[in-house]
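The structure under discussion appears below in the form of structure tokens.
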Amino acid sequence: MKIASFTTVLLLLIGVCMAAAEPNKSNPPPEHKPFIGWIKAIKESDLEAFKAVYSKKMQKRMAKKGWEKILGKYKKGFDKELGDCKPEDFFITFQAEKAGKKNEGKLLIEFKGKKLASLDIIKEEKQWKINEY
């Protein structure tokens, strides 16, 4: 009886851990939202949504370079390298930057099982934003 109870508890714990490791794609963690918004904005050539995912610091820098030019560059690169990708094709992991800095971190991005990039993010006004160009 004790073995059966232990096995049941172990299986339940494994199930809970697996559920925690694979976030619900329809309701992603807040830290993942800037990247998901970024992908959608690039795919749809939505300039306002593209601007909105960036931190204020990055918005100032990118305005100097020209938003349309930057979005066009990303659109061309994504279409060439990633094809008809969807947010579900990406596996995103949030990594806290440094101890004591709750408002900074990195997103580690994989595309269809292949490591793609990391992306600096920062929390501004209760929302996570991309903090690099």
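By order in the structure tokens, chains are A, B, ...; within a chain, residues start at 1; ligands start at 1, following the order shown.
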
Using DSSP secondary structure from the backbone, list all strand (DSSP E) positions within range 8-129 of chain A, as a PDB file with N, CA and C atoms, in the first residue's frame.
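Output contents, as saved in out-v1.pdb:
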ATOM      1  N   PHE A  90       8.130  29.000 -31.369  1.00  0.00           N
ATOM      2  CA  PHE A  90       9.228  29.436 -30.520  1.00  0.00           C
ATOM      3  C   PHE A  90       9.060  28.890 -29.111  1.00  0.00           C
ATOM      4  N   PHE A  91      10.174  28.523 -28.499  1.00  0.00           N
ATOM      5  CA  PHE A  91      10.193  28.150 -27.086  1.00  0.00           C
ATOM      6  C   PHE A  91      10.960  29.256 -26.381  1.00  0.00           C
ATOM      7  N   ILE A  92      10.327  29.875 -25.398  1.00  0.00           N
ATOM      8  CA  ILE A  92      10.886  31.049 -24.731  1.00  0.00           C
ATOM      9  C   ILE A  92      11.129  30.725 -23.262  1.00  0.00           C
ATOM     10  N   THR A  93      12.307  31.090 -22.784  1.00  0.00           N
ATOM     11  CA  THR A  93      12.651  30.915 -21.378  1.00  0.00           C
ATOM     12  C   THR A  93      13.081  32.265 -20.825  1.00  0.00           C
ATOM     13  N   PHE A  94      12.525  32.649 -19.694  1.00  0.00           N
ATOM     14  CA  PHE A  94      12.928  33.887 -19.034  1.00  0.00           C
ATOM     15  C   PHE A  94      14.065  33.592 -18.073  1.00  0.00           C
ATOM     16  N   GLN A  95      15.094  34.417 -18.129  1.00  0.00           N
ATOM     17  CA  GLN A  95      16.241  34.282 -17.236  1.00  0.00           C
ATOM     18  C   GLN A  95      16.434  35.628 -16.534  1.00  0.00           C
ATOM     19  N   ALA A  96      16.310  35.615 -15.197  1.00  0.00           N
ATOM     20  CA  ALA A  96      16.530  36.840 -14.435  1.00  0.00           C
ATOM     21  C   ALA A  96      17.968  37.288 -14.637  1.00  0.00           C
ATOM     22  N   GLU A 104      14.666  43.391 -14.681  1.00  0.00           N
ATOM     23  CA  GLU A 104      15.511  43.161 -15.852  1.00  0.00           C
ATOM     24  C   GLU A 104      15.688  41.665 -16.064  1.00  0.00           C
ATOM     25  N   GLY A 105      15.900  41.293 -17.303  1.00  0.00           N
ATOM     26  CA  GLY A 105      16.139  39.890 -17.594  1.00  0.00           C
ATOM     27  C   GLY A 105      16.434  39.656 -19.058  1.00  0.00           C
ATOM     28  N   LYS A 106      16.488  38.391 -19.403  1.00  0.00           N
ATOM     29  CA  LYS A 106      16.736  37.967 -20.783  1.00  0.00           C
ATOM     30  C   LYS A 106      15.710  36.923 -21.169  1.00  0.00           C
ATOM     31  N   LEU A 107      15.327  36.953 -22.419  1.00  0.00           N
ATOM     32  CA  LEU A 107      14.532  35.871 -22.974  1.00  0.00           C
ATOM     33  C   LEU A 107      15.464  35.033 -23.823  1.00  0.00           C
ATOM     34  N   LEU A 108      15.512  33.753 -23.550  1.00  0.00           N
ATOM     35  CA  LEU A 108      16.292  32.824 -24.352  1.00  0.00           C
ATOM     36  C   LEU A 108      15.318  32.207 -25.347  1.00  0.00           C
ATOM     37  N   ILE A 109      15.615  32.349 -26.619  1.00  0.00           N
ATOM     38  CA  ILE A 109      14.677  31.989 -27.678  1.00  0.00           C
ATOM     39  C   ILE A 109      15.188  30.786 -28.464  1.00  0.00           C
ATOM     40  N   GLU A 110      14.310  29.808 -28.644  1.00  0.00           N
ATOM     41  CA  GLU A 110      14.567  28.665 -29.525  1.00  0.00           C
ATOM     42  C   GLU A 110      13.490  28.655 -30.593  1.00  0.00           C
ATOM     43  N   PHE A 111      13.873  28.300 -31.804  1.00  0.00           N
ATOM     44  CA  PHE A 111      12.943  28.211 -32.922  1.00  0.00           C
ATOM     45  C   PHE A 111      12.960  26.788 -33.454  1.00  0.00           C
ATOM     46  N   LYS A 114      15.854  24.769 -32.197  1.00  0.00           N
ATOM     47  CA  LYS A 114      17.198  25.275 -32.436  1.00  0.00           C
ATOM     48  C   LYS A 114      17.383  26.604 -31.710  1.00  0.00           C
ATOM     49  N   LYS A 115      18.494  26.731 -30.942  1.00  0.00           N
ATOM     50  CA  LYS A 115      18.764  27.983 -30.239  1.00  0.00           C
ATOM     51  C   LYS A 115      18.881  29.106 -31.266  1.00  0.00           C
ATOM     52  N   LEU A 116      18.161  30.182 -30.989  1.00  0.00           N
ATOM     53  CA  LEU A 116      18.111  31.277 -31.947  1.00  0.00           C
ATOM     54  C   LEU A 116      18.835  32.511 -31.423  1.00  0.00           C
ATOM     55  N   ALA A 117      18.424  32.991 -30.240  1.00  0.00           N
ATOM     56  CA  ALA A 117      18.995  34.239 -29.731  1.00  0.00           C
ATOM     57  C   ALA A 117      18.600  34.441 -28.282  1.00  0.00           C
ATOM     58  N   SER A 118      19.142  35.498 -27.712  1.00  0.00           N
ATOM     59  CA  SER A 118      18.664  35.972 -26.406  1.00  0.00           C
ATOM     60  C   SER A 118      18.276  37.430 -26.604  1.00  0.00           C
ATOM     61  N   LEU A 119      17.359  37.889 -25.791  1.00  0.00           N
ATOM     62  CA  LEU A 119      16.813  39.221 -25.953  1.00  0.00           C
ATOM     63  C   LEU A 119      16.699  39.880 -24.583  1.00  0.00           C
ATOM     64  N   ASP A 120      17.335  41.051 -24.415  1.00  0.00           N
ATOM     65  CA  ASP A 120      17.242  41.789 -23.159  1.00  0.00           C
ATOM     66  C   ASP A 120      15.858  42.403 -23.023  1.00  0.00           C
ATOM     67  N   ILE A 121      15.269  42.242 -21.838  1.00  0.00           N
ATOM     68  CA  ILE A 121      13.977  42.867 -21.565  1.00  0.00           C
ATOM     69  C   ILE A 121      14.051  43.606 -20.232  1.00  0.00           C
ATOM     70  N   ILE A 122      13.159  44.575 -20.077  1.00  0.00           N
ATOM     71  CA  ILE A 122      13.099  45.391 -18.868  1.00  0.00           C
ATOM     72  C   ILE A 122      11.631  45.664 -18.555  1.00  0.00           C
ATOM     73  N   LYS A 123      11.327  45.800 -17.288  1.00  0.00           N
ATOM     74  CA  LYS A 123       9.951  46.092 -16.887  1.00  0.00           C
ATOM     75  C   LYS A 123       9.796  47.597 -16.725  1.00  0.00           C
ATOM     76  N   GLU A 124       8.873  48.163 -17.492  1.00  0.00           N
ATOM     77  CA  GLU A 124       8.563  49.591 -17.433  1.00  0.00           C
ATOM     78  C   GLU A 124       7.063  49.746 -17.215  1.00  0.00           C
ATOM     79  N   GLN A 127       4.883  46.690 -17.340  1.00  0.00           N
ATOM     80  CA  GLN A 127       4.894  45.852 -18.548  1.00  0.00           C
ATOM     81  C   GLN A 127       6.328  45.597 -18.970  1.00  0.00           C
ATOM     82  N   TRP A 128       6.562  44.358 -19.440  1.00  0.00           N
ATOM     83  CA  TRP A 128       7.880  44.001 -19.941  1.00  0.00           C
ATOM     84  C   TRP A 128       8.034  44.544 -21.350  1.00  0.00           C
ATOM     85  N   LYS A 129       9.256  45.070 -21.638  1.00  0.00           N
ATOM     86  CA  LYS A 129       9.562  45.666 -22.935  1.00  0.00           C
ATOM     87  C   LYS A 129      10.924  45.157 -23.414  1.00  0.00           C
TER      88      LYS A 129
END

Inset, instruction - Please provide the set of residues having any atom within 12 Å of Trp67 in chain A, restricted to only C-alpha atoms, with same-chain residues fewer than 2 positions apart removed, written as a list of chain:residue names. - result: A:Ile42, A:Ser45, A:Asp46, A:Leu47, A:Glu48, A:Ala49, A:Phe50, A:Lys51, A:Ala52, A:Tyr54, A:Met58, A:Gln59, A:Lys60, A:Arg61, A:Met62, A:Ala63, A:Lys64, A:Lys65, A:Lys69, A:Ile70, A:Leu71, A:Gly72, A:Lys73, A:Tyr74, A:Tyr133

Legend entry - Of the listed residues A:Lys86, A:Ser26, A:Glu68, A:Gly37, that which approaches Val53 in chain A most closely, counting only C-alpha atoms: A:Gly37

Legend entry - Distance criterion (only C-alpha atoms): nearest to Phe78 in chain A out of A:Ile39, A:Lys112, A:Lys57, A:Gly100: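 Smallest distance to Phe78 in chain A is found for A:Ile39.
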
Legend entry - Coordinates-based distance that separates CA of Asn103 in chain A from CA of Trp38 in chain A (Å, one decimal):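 Straight-line distance from CA of Trp38 in chain A to CA of Asn103 in chain A works out to 19.2 Å.
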